[in-house]
file target.cif (mmCIF, C-alpha atoms)
data_target
loop_
_atom_site.label_atom_id
_atom_site.label_comp_id
_atom_site.auth_asym_id
_atom_site.auth_seq_id
_atom_site.Cartn_x
_atom_site.Cartn_y
_atom_site.Cartn_z
CA MET S 9 18.19 -24.07 -53.54
CA GLN S 10 21.12 -21.74 -52.99
CA THR S 11 20.82 -20.01 -49.64
CA ASP S 12 22.74 -17.72 -47.33
CA SER S 13 21.91 -19.99 -44.37
CA PRO S 14 21.46 -23.75 -43.91
CA ALA S 15 18.12 -24.92 -45.32
CA LEU S 16 15.70 -26.49 -42.86
CA ASP S 17 12.51 -28.52 -42.99
CA ALA S 18 9.13 -27.00 -42.15
CA TRP S 19 5.41 -27.60 -42.57
CA TYR S 20 3.51 -25.24 -44.84
CA TYR S 21 -0.22 -24.38 -44.44
CA ASP S 22 -2.00 -22.41 -47.12
CA GLY S 23 -4.56 -21.00 -44.65
CA LEU S 24 -7.46 -22.27 -46.75
CA SER S 25 -7.49 -25.89 -45.65
CA SER S 26 -6.07 -28.07 -42.88
CA ARG S 27 -3.72 -29.79 -45.30
CA ARG S 28 -0.05 -29.37 -44.58
CA GLN S 29 2.86 -29.73 -46.98
CA PRO S 30 6.52 -30.38 -46.27
CA VAL S 31 8.75 -27.54 -47.48
CA ARG S 32 12.36 -26.49 -47.26
CA LEU S 33 13.16 -22.98 -46.03
CA GLY S 34 16.22 -20.92 -46.80
CA VAL S 35 17.37 -17.33 -47.17
CA ASN S 36 18.89 -15.70 -50.21
CA GLY S 37 19.64 -12.00 -50.50
CA GLY S 38 17.53 -11.16 -47.45
CA ARG S 39 14.46 -12.96 -48.84
CA LEU S 40 12.84 -16.11 -47.48
CA LEU S 41 12.69 -18.99 -49.97
CA LEU S 42 10.09 -21.77 -49.72
CA ASP S 43 10.70 -24.91 -51.80
CA GLY S 44 7.93 -27.51 -51.81
CA PRO S 45 5.95 -30.02 -53.93
CA ASP S 46 3.74 -27.28 -55.37
CA GLY S 47 6.63 -25.06 -56.32
CA GLY S 48 8.46 -22.28 -54.57
CA ARG S 49 7.79 -18.91 -53.02
CA ASP S 50 10.06 -15.91 -52.60
CA ILE S 51 9.04 -13.64 -49.70
CA PRO S 52 10.78 -10.40 -48.61
CA ALA S 53 12.03 -10.38 -45.03
CA ALA S 54 9.67 -7.49 -44.18
CA GLY S 55 6.71 -9.74 -45.07
CA VAL S 56 7.59 -12.42 -42.53
CA ARG S 57 6.25 -12.30 -38.96
CA VAL S 58 7.70 -14.75 -36.45
CA SER S 59 5.78 -15.92 -33.37
CA GLU S 60 7.31 -15.74 -29.90
CA PRO S 61 8.86 -18.95 -28.58
CA HIS S 62 6.71 -21.02 -26.18
CA GLY S 63 8.71 -23.74 -24.55
CA SER S 64 9.66 -26.39 -27.08
CA ALA S 65 6.61 -25.84 -29.31
CA PRO S 66 7.24 -25.09 -33.02
CA ARG S 67 7.39 -21.44 -33.99
CA THR S 68 5.15 -19.95 -36.67
CA LEU S 69 6.27 -17.88 -39.65
CA ARG S 70 3.32 -15.94 -41.05
CA PHE S 71 3.40 -14.20 -44.39
CA ALA S 72 1.93 -10.82 -45.27
CA GLY S 73 -0.84 -10.59 -47.82
CA GLY S 74 -2.63 -13.85 -46.96
CA HIS S 75 -3.32 -16.53 -44.39
CA ALA S 76 -0.47 -18.85 -45.26
CA TYR S 77 2.14 -19.76 -42.66
CA CYS S 78 4.84 -22.28 -41.79
CA GLU S 79 5.54 -24.20 -38.61
CA VAL S 80 9.23 -24.71 -37.84
CA ARG S 81 10.89 -26.69 -35.09
CA GLN S 82 13.00 -24.56 -32.76
CA GLY S 83 16.75 -24.95 -32.76
CA ALA S 84 20.04 -23.59 -34.00
CA GLU S 85 19.02 -23.93 -37.67
CA LEU S 86 15.98 -21.71 -37.20
CA ASP S 87 18.06 -19.19 -35.24
CA ALA S 88 20.54 -19.06 -38.14
CA LEU S 89 17.74 -18.62 -40.70
CA LEU S 90 16.16 -15.77 -38.71
CA ALA S 91 19.55 -14.11 -38.33
CA ALA S 92 20.10 -14.31 -42.09
CA LEU S 93 16.68 -12.68 -42.57
CA GLY S 94 17.63 -9.89 -40.19
CA GLN S 95 14.87 -11.01 -37.80
CA ARG S 96 15.59 -10.71 -34.11
CA ASP S 97 13.38 -11.48 -31.13
CA SER S 98 12.22 -8.49 -29.11
CA ILE S 99 14.00 -7.51 -25.92
CA ALA S 100 11.08 -8.87 -23.88
CA VAL S 101 11.34 -12.27 -25.59
CA ARG S 102 15.10 -12.41 -25.12
CA LEU S 103 14.79 -11.49 -21.45
CA GLN S 104 12.12 -14.16 -20.91
CA SER S 105 14.62 -16.79 -21.93
CA ARG S 106 17.08 -15.77 -19.21
CA TRP S 107 16.06 -16.99 -15.75
CA HIS S 108 17.98 -14.33 -13.87
CA TRP S 109 16.10 -11.60 -15.75
CA VAL S 110 12.81 -13.36 -15.08
CA PHE S 111 13.67 -13.60 -11.39
CA ALA S 112 14.72 -9.94 -11.28
CA SER S 113 11.45 -8.96 -13.00
CA LEU S 114 9.38 -10.86 -10.45
CA ILE S 115 11.24 -9.17 -7.62
CA SER S 116 10.74 -5.78 -9.25
CA VAL S 117 7.02 -6.36 -9.73
CA GLY S 118 6.74 -7.45 -6.09
CA LEU S 119 8.54 -4.32 -4.91
CA ILE S 120 6.36 -2.09 -7.10
CA LEU S 121 3.18 -3.72 -5.76
CA ALA S 122 4.43 -3.41 -2.18
CA ALA S 123 5.34 0.25 -2.70
CA GLY S 124 1.93 0.89 -4.24
CA TYR S 125 0.17 -0.79 -1.32
CA PHE S 126 2.17 0.76 1.53
CA TRP S 127 2.76 4.24 0.07
CA GLY S 128 0.96 4.85 -3.20
CA LEU S 129 -2.47 3.66 -2.06
CA PRO S 130 -2.51 5.67 1.22
CA TRP S 131 -1.23 8.74 -0.66
CA GLY S 132 -3.98 8.47 -3.24
CA ALA S 133 -6.68 7.80 -0.65
CA GLN S 134 -5.60 10.83 1.36
CA ARG S 135 -6.12 13.09 -1.65
CA ILE S 136 -9.38 11.52 -2.81
CA ALA S 137 -11.10 11.35 0.61
CA PRO S 138 -11.82 15.12 1.00
CA HIS S 139 -13.76 15.06 -2.27
CA VAL S 140 -16.06 12.17 -1.34
CA PRO S 141 -19.58 13.54 -0.57
CA ILE S 142 -20.62 12.96 3.03
CA THR S 143 -24.14 12.14 1.82
CA ALA S 144 -22.74 9.14 -0.05
CA MET S 145 -20.81 8.05 3.02
CA ARG S 146 -23.94 8.50 5.13
CA THR S 147 -25.83 5.95 3.03
CA LEU S 148 -23.00 3.49 3.36
CA SER S 149 -22.64 4.16 7.10
CA ASN S 150 -26.33 3.57 7.71
CA GLY S 151 -26.09 0.22 5.98
CA ALA S 152 -23.01 -0.75 7.99
CA LEU S 153 -24.63 0.27 11.28
CA ALA S 154 -27.79 -1.68 10.42
CA GLN S 155 -25.65 -4.76 9.86
CA LEU S 156 -23.81 -4.26 13.15
CA ASP S 157 -27.11 -3.73 14.96
CA LYS S 158 -28.40 -6.98 13.51
CA TYR S 159 -25.50 -9.16 14.56
CA LEU S 160 -23.42 -7.55 17.32
CA LEU S 161 -24.85 -4.40 18.86
CA LYS S 162 -27.86 -3.88 21.11
CA PRO S 163 -29.91 -0.80 22.05
CA SER S 164 -28.29 1.35 24.71
CA ALA S 165 -29.46 0.81 28.28
CA LEU S 166 -27.94 4.04 29.62
CA PRO S 167 -30.33 6.26 31.58
CA GLU S 168 -31.77 9.10 29.55
CA ASP S 169 -30.20 11.81 31.73
CA ARG S 170 -26.75 10.19 31.36
CA ARG S 171 -27.05 10.13 27.60
CA ARG S 172 -28.35 13.70 27.54
CA LYS S 173 -25.39 14.92 29.59
CA LEU S 174 -22.89 13.29 27.23
CA GLN S 175 -24.81 14.59 24.21
CA ASP S 176 -24.64 18.12 25.63
CA GLY S 177 -20.88 17.83 26.12
CA PHE S 178 -20.43 16.51 22.60
CA ARG S 179 -22.54 19.31 21.08
CA GLU S 180 -20.55 21.87 23.06
CA ILE S 181 -17.29 20.63 21.53
CA VAL S 182 -18.76 20.73 18.01
CA ALA S 183 -20.39 24.14 18.49
CA ALA S 184 -17.08 25.60 19.73
CA ASN S 185 -15.34 24.51 16.50
CA PRO S 186 -17.87 25.06 13.70
CA ALA S 187 -15.27 25.52 10.97
CA LEU S 188 -13.69 22.13 11.69
CA PHE S 189 -16.87 20.14 11.22
CA ALA S 190 -18.73 22.24 8.64
CA SER S 191 -18.43 19.57 5.96
CA TYR S 192 -20.47 17.12 8.06
CA GLY S 193 -23.21 19.61 8.96
CA GLU S 194 -26.31 17.95 10.37
CA HIS S 195 -24.83 14.49 9.75
CA LEU S 196 -22.44 14.86 12.70
CA ALA S 197 -24.05 13.08 15.66
CA LEU S 198 -23.38 11.03 18.78
CA ASP S 199 -25.30 7.79 19.21
CA PHE S 200 -25.28 5.05 21.84
CA ARG S 201 -25.23 1.25 21.70
CA ALA S 202 -24.54 -1.67 24.00
CA ALA S 203 -21.87 -4.12 22.83
CA PRO S 204 -21.49 -7.02 25.30
CA LYS S 205 -19.57 -9.11 22.73
CA ILE S 206 -17.05 -6.35 22.06
CA GLY S 207 -16.59 -4.49 25.34
CA PRO S 208 -15.66 -0.86 26.04
CA ASN S 209 -15.27 0.99 22.76
CA ALA S 210 -16.25 3.93 20.58
CA PHE S 211 -15.91 4.33 16.84
CA ALA S 212 -16.70 6.81 14.08
CA LEU S 213 -18.69 5.97 10.98
CA PRO S 214 -17.53 7.68 7.78
CA GLY S 215 -20.92 9.37 7.40
CA GLY S 216 -20.47 11.42 10.59
CA GLN S 217 -21.94 9.26 13.37
CA ILE S 218 -19.89 8.48 16.46
CA ILE S 219 -21.09 5.39 18.32
CA LEU S 220 -20.36 5.21 22.05
CA PHE S 221 -20.77 1.85 23.81
CA ASP S 222 -22.47 1.53 27.20
CA GLU S 223 -19.55 -0.64 28.34
CA LEU S 224 -17.20 2.32 28.03
CA VAL S 225 -19.48 4.61 30.02
CA ALA S 226 -19.78 1.92 32.71
CA LEU S 227 -16.04 1.99 33.42
CA GLU S 228 -14.66 4.00 36.31
CA ILE S 229 -14.09 6.85 33.94
CA GLY S 230 -15.20 10.46 34.20
CA ASP S 231 -17.26 12.37 31.68
CA ALA S 232 -14.25 14.54 30.86
CA GLU S 233 -12.30 11.43 29.86
CA ILE S 234 -15.21 10.13 27.78
CA LEU S 235 -15.39 13.47 25.98
CA ALA S 236 -11.63 13.24 25.39
CA ILE S 237 -12.23 9.90 23.62
CA LEU S 238 -14.98 11.54 21.56
CA CYS S 239 -12.47 14.26 20.60
CA HIS S 240 -10.20 11.48 19.35
CA GLU S 241 -13.05 10.06 17.24
CA LEU S 242 -13.82 13.54 15.91
CA GLY S 243 -10.20 13.61 14.77
CA HIS S 244 -10.78 10.42 12.77
CA LEU S 245 -13.82 12.05 11.16
CA ASP S 246 -12.25 15.42 10.35
CA LYS S 247 -9.15 13.75 8.86
CA ARG S 248 -11.42 11.38 6.89
CA HIS S 249 -9.54 8.37 8.22
CA SER S 250 -12.38 5.88 7.83
CA ILE S 251 -13.10 7.14 4.30
CA ARG S 252 -9.42 6.79 3.43
CA MET S 253 -9.35 3.26 4.82
CA LEU S 254 -12.53 2.45 2.91
CA ILE S 255 -11.00 3.72 -0.34
CA GLN S 256 -7.89 1.64 0.27
CA SER S 257 -9.83 -1.51 1.13
CA SER S 258 -12.13 -0.98 -1.88
CA VAL S 259 -9.16 -0.74 -4.24
CA VAL S 260 -7.66 -3.89 -2.74
CA ALA S 261 -11.05 -5.66 -2.98
CA ALA S 262 -11.46 -4.56 -6.61
CA VAL S 263 -7.99 -5.84 -7.50
CA ALA S 264 -8.69 -9.10 -5.67
CA ALA S 265 -12.06 -9.45 -7.44
CA ALA S 266 -10.42 -8.87 -10.82
CA TRP S 267 -7.66 -11.34 -10.02
CA PHE S 268 -9.57 -14.08 -8.21
CA GLY S 269 -13.05 -13.59 -9.70
CA ASP S 270 -14.58 -12.87 -6.29
CA VAL S 271 -16.93 -10.02 -5.27
CA SER S 272 -16.61 -7.96 -2.07
CA TYR S 273 -19.48 -5.96 -0.67
CA ALA S 274 -18.68 -2.46 0.59
CA ILE S 275 -20.98 -2.58 3.62
CA SER S 276 -19.38 -5.79 4.89
CA ALA S 277 -15.95 -4.23 4.38
CA VAL S 278 -16.95 -1.16 6.39
CA SER S 279 -18.34 -3.28 9.22
CA ALA S 280 -15.21 -5.39 9.46
CA MET S 281 -13.01 -2.31 9.32
CA LEU S 282 -14.90 -0.59 12.12
CA LEU S 283 -14.88 -3.60 14.41
CA ASN S 284 -11.16 -4.14 13.90
CA SER S 285 -10.40 -0.41 14.37
CA SER S 286 -7.88 -0.96 11.63
CA TYR S 287 -6.54 2.57 11.39
CA SER S 288 -2.84 2.83 10.78
CA ARG S 289 -0.53 3.88 13.57
CA ASP S 290 0.01 7.22 11.87
CA MET S 291 -3.74 7.80 11.73
CA GLU S 292 -4.10 7.01 15.42
CA ARG S 293 -1.34 9.45 16.33
CA GLU S 294 -2.94 12.05 14.06
CA ALA S 295 -6.28 11.58 15.85
CA ASP S 296 -4.51 11.81 19.23
CA ASP S 297 -2.91 15.12 18.21
CA TYR S 298 -6.27 16.35 16.96
CA ALA S 299 -7.94 15.47 20.27
CA ALA S 300 -5.12 17.14 22.22
CA ASP S 301 -5.72 20.35 20.25
CA LEU S 302 -9.48 20.24 20.88
CA LEU S 303 -8.90 19.66 24.59
CA ARG S 304 -6.50 22.60 24.84
CA ARG S 305 -9.13 24.78 23.12
CA ARG S 306 -11.51 23.78 25.91
CA GLY S 307 -8.92 24.70 28.51
CA GLU S 308 -8.33 21.04 29.40
CA SER S 309 -5.21 18.88 29.42
CA PRO S 310 -4.44 16.23 26.77
CA ALA S 311 -3.60 14.05 29.77
CA LEU S 312 -7.35 13.36 29.98
CA LEU S 313 -7.12 11.30 26.79
CA ALA S 314 -3.96 9.58 28.06
CA SER S 315 -5.77 8.55 31.25
CA ALA S 316 -8.83 7.36 29.28
CA LEU S 317 -6.70 5.23 26.95
CA GLU S 318 -4.91 3.60 29.88
CA LYS S 319 -8.21 2.75 31.56
CA LEU S 320 -9.59 1.35 28.32
CA GLU S 321 -6.55 -0.85 27.83
CA ALA S 322 -6.73 -2.08 31.43
CA ALA S 323 -10.41 -2.95 30.96
CA HIS S 324 -9.70 -4.92 27.78
CA THR S 325 -6.77 -6.71 29.39
CA ILE S 326 -8.94 -7.84 32.29
CA ARG S 327 -11.77 -8.77 29.94
CA TYR S 328 -9.63 -11.14 27.89
CA ALA S 329 -7.63 -12.47 30.82
CA GLU S 330 -10.78 -13.54 32.69
CA LYS S 331 -12.67 -14.88 29.72
CA ASP S 332 -12.74 -18.67 29.52
CA ARG S 333 -12.77 -19.11 25.75
CA ASP S 334 -13.03 -22.11 23.52
CA GLU S 335 -11.45 -22.21 20.05
CA ASP S 336 -14.36 -20.31 18.50
CA ASP S 337 -13.95 -17.56 21.06
CA LYS S 338 -10.28 -17.26 20.24
CA GLU S 339 -11.17 -16.50 16.66
CA GLU S 340 -12.92 -13.36 17.91
CA ASP S 341 -9.74 -11.91 19.38
CA HIS S 342 -9.38 -9.69 16.32
CA ALA S 343 -12.14 -7.49 17.78
CA ASP S 344 -9.74 -6.29 20.50
CA TRP S 345 -9.80 -2.53 20.15
CA PHE S 346 -6.08 -2.22 20.79
CA SER S 347 -4.87 -4.95 18.41
CA SER S 348 -3.84 -2.57 15.62
CA HIS S 349 -3.24 0.60 17.62
CA PRO S 350 0.12 2.03 18.61
CA ASP S 351 1.39 1.06 22.04
CA THR S 352 -0.89 2.68 24.64
CA GLY S 353 2.00 3.55 26.94
CA GLU S 354 3.73 5.36 24.09
CA ARG S 355 0.54 7.25 23.22
CA ALA S 356 -0.08 8.22 26.83
CA ARG S 357 3.48 9.50 27.29
CA ARG S 358 3.21 11.47 24.06
CA LEU S 359 -0.10 13.05 25.11
CA ARG S 360 1.20 14.00 28.56
CA LYS S 361 4.22 15.68 26.97
CA SER S 362 1.95 17.60 24.61
CA PRO S 363 2.12 21.33 25.50
#

call {"tool": "encode", "arguments": {"input": "target.cif", "output": "structure tokens"}}
result
Amino acid sequence: MQTDSPALDAWYYDGLSSRRQPVRLGVNGGRLLLDGPDGGRDIPAAGVRVSEPHGSAPRTLRFAGGHAYCEVRQGAELDALLAALGQRDSIAVRLQSRWHWVFASLISVGLILAAGYFWGLPWGAQRIAPHVPITAMRTLSNGALAQLDKYLLKPSALPEDRRRKLQDGFREIVAANPALFASYGEHLALDFRAAPKIGPNAFALPGGQIILFDELVALEIGDAEILAILCHELGHLDKRHSIRMLIQSSVVAAVAAAWFGDVSYAISAVSAMLLNSSYSRDMEREADDYAADLLRRRGESPALLASALEKLEAAHTIRYAEKDRDEDDKEEDHADWFSSHPDTGERARRLRKSP
């Protein structure tokens, strides 16, 4: 067999049975020649498809117009035969064989994923959140609150007149700014709970409910400061922060479920998010600025919120300093309201400088 490249041994399969035959392969005039016991074949280069290399496993040459193929051991002889045929591995295959390109690709993928998580995902959530119906969020919020009531929260023990006074102050703020909260409508409400396992706190549910804990009201803190905290929570609602965080966590959960084969439940995710107060620092500053604007509209100083935040931090510091915890208790530290917030001193200084 006269060939343009060194001939090499291969195994031939006709695609109709499991029987294999030894053949010799070569190239002549840009055509693949097969020489075996049953005769020879002459195949144009365009009719030959070569499999990608996988470690040291033999490569497969498949032929157009049938199921027949050959298995050929990798090596310099095969490379020479493919070159004579004008066959060349794709760029992706060639890059896979170079470790520095593989390493660079892994680094690039890591950077792309990190950029998507830290910038792309928040950007997308910020644009999607305003279009999420509040009624849908209300259903989810009710489920999350029911779960919290079952495991962590208790009915409020505040006197009725105390709750009514705070409700009146809250309604006054909302009524004075109807355009800001129009999207929530009747869903915007203030509710009360006791939370002995969590301590002084307040949080906003994405459906429009703001939950105020008895432990916060019990601090040496005035009603004006409590209303300043509620203004901060209204900022989280109007800016759709909890909805944005929910969208982000849902995307991450969906990716994790697809990757690891696990399933995450949205209500559990909302509950964990609320208890951890896991807003970003930018979101917290945005809610602070929002509260400062509401307070100025009421003719009050943003320093009220600064004072309230300082008292809240002091109360949490004392709470955890005095608590004699075992290892299980230490695992609950993540419920600290200030764990993911910007530095309170920085926030207070910023609010007091606010015009």

call {"tool": "resolve_selection", "arguments": {"input": "target.cif", "expression": "the PyMOL selection byres ((chain S and resi 67) around 8)", "output": "MDAnalysis selection string"}}
result
chainID S and resid 58:62 65:66 68:69 79:82

call {"tool": "residues_around", "arguments": {"input": "target.cif", "residues": "stretch 181-194 of chain S", "least_positions_apart": "6", "cutoff": "8 Å", "atoms": "only C-alpha atoms", "output": "mmCIF file with C-alpha atoms, in the coordinates of the input"}}
result
data_model
loop_
_atom_site.group_PDB
_atom_site.id
_atom_site.type_symbol
_atom_site.label_atom_id
_atom_site.label_comp_id
_atom_site.auth_asym_id
_atom_site.auth_seq_id
_atom_site.Cartn_x
_atom_site.Cartn_y
_atom_site.Cartn_z
ATOM 1 C CA ILE S 142 -20.620 12.960 3.030
ATOM 2 C CA GLY S 215 -20.920 9.370 7.400
ATOM 3 C CA GLY S 216 -20.470 11.420 10.590
ATOM 4 C CA ASP S 246 -12.250 15.420 10.350
ATOM 5 C CA LEU S 302 -9.480 20.240 20.880
ATOM 6 C CA ARG S 306 -11.510 23.780 25.910
#

call {"tool": "residues_near_point", "arguments": {"input": "target.cif", "point": "(13.8, -9.2, -46.7)", "cutoff": "8 Å", "atoms": "all atoms listed in the file", "output": "MDAnalysis selection string"}}
result
chainID S and resid 37:40 51:55 93:94

call {"tool": "write_last_selection", "arguments": {"input": "target.cif", "atoms": "C-alpha atoms", "output": "short mmCIF file (atom, residue, chain, number, x, y, z; two decimals), in the coordinates of the input"}}
result
data_model
loop_
_atom_site.label_atom_id
_atom_site.label_comp_id
_atom_site.auth_asym_id
_atom_site.auth_seq_id
_atom_site.Cartn_x
_atom_site.Cartn_y
_atom_site.Cartn_z
CA GLY S 37 19.64 -12.00 -50.50
CA GLY S 38 17.53 -11.16 -47.45
CA ARG S 39 14.46 -12.96 -48.84
CA LEU S 40 12.84 -16.11 -47.48
CA ILE S 51 9.04 -13.64 -49.70
CA PRO S 52 10.78 -10.40 -48.61
CA ALA S 53 12.03 -10.38 -45.03
CA ALA S 54 9.67 -7.49 -44.18
CA GLY S 55 6.71 -9.74 -45.07
CA LEU S 93 16.68 -12.68 -42.57
CA GLY S 94 17.63 -9.89 -40.19
#

call {"tool": "resolve_selection", "arguments": {"input": "target.cif", "expression": "the PyMOL selection byres ((chain S and resi 290) around 12)", "output": "ChimeraX atom specification"}}
result
/S:130,244,247,249,286-289,291-297,348-351,355

call {"tool": "residues_around", "arguments": {"input": "target.cif", "residues": "S:Pro45", "least_positions_apart": "5", "cutoff": "8 Å", "atoms": "all atoms listed in the file", "output": "compact mmCIF listing (two decimals) with C-alpha atoms, in the coordinates of the input"}}
result
# COMPACT_ATOMS: atom_id res chain seq x y z
CA GLN S 29 2.86 -29.73 -46.98
CA PRO S 30 6.52 -30.38 -46.27
CA VAL S 31 8.75 -27.54 -47.48

call {"tool": "resolve_selection", "arguments": {"input": "target.cif", "expression": "the PyMOL selection byres ((chain S and resi 357) around 12)", "output": "JSON, numbers by chain"}}
result
{"S": [293, 296, 310, 311, 312, 313, 314, 315, 317, 318, 350, 351, 352, 353, 354, 355, 356, 358, 359, 360, 361, 362]}

call {"tool": "atom_distance", "arguments": {"input": "target.cif", "atom1": "atom CA of S:Val259", "atom2": "atom CA of S:Leu245"}}
result
20.6 Å

call {"tool": "atom_distance", "arguments": {"input": "target.cif", "atom1": "atom CA of S:Pro163", "atom2": "atom CA of S:Arg201"}}
result
5.1 Å

call {"tool": "closest_residue", "arguments": {"input": "target.cif", "among": "S:Asp43, S:Ala137, S:Ala323, S:Asp50", "to": "S:Ser250", "atoms": "only C-alpha atoms"}}
result
S:Ala137

call {"tool": "atom_distance", "arguments": {"input": "target.cif", "atom1": "atom CA of S:Arg32", "atom2": "atom CA of S:Ala91"}}
result
16.9 Å

call {"tool": "closest_residue", "arguments": {"input": "target.cif", "among": "S:Asn150, S:Gln134, S:Gln256, S:Ser98", "to": "S:His195", "atoms": "only C-alpha atoms"}}
result
S:Asn150

call {"tool": "axis_aligned_box", "arguments": {"input": "target.cif", "around": "stretch 42-49 of chain S", "padding_each_side": "4 Å", "output": "AutoDock Vina command-line options"}}
result
--center_x 7.2 --center_y -24.5 --center_z -53.0 --size_x 15.0 --size_y 19.1 --size_z 14.6

call {"tool": "closest_residue", "arguments": {"input": "target.cif", "among": "S:Leu220, S:Leu33, S:Cys78, S:Leu121", "to": "S:Lys162", "atoms": "only C-alpha atoms"}}
result
S:Leu220
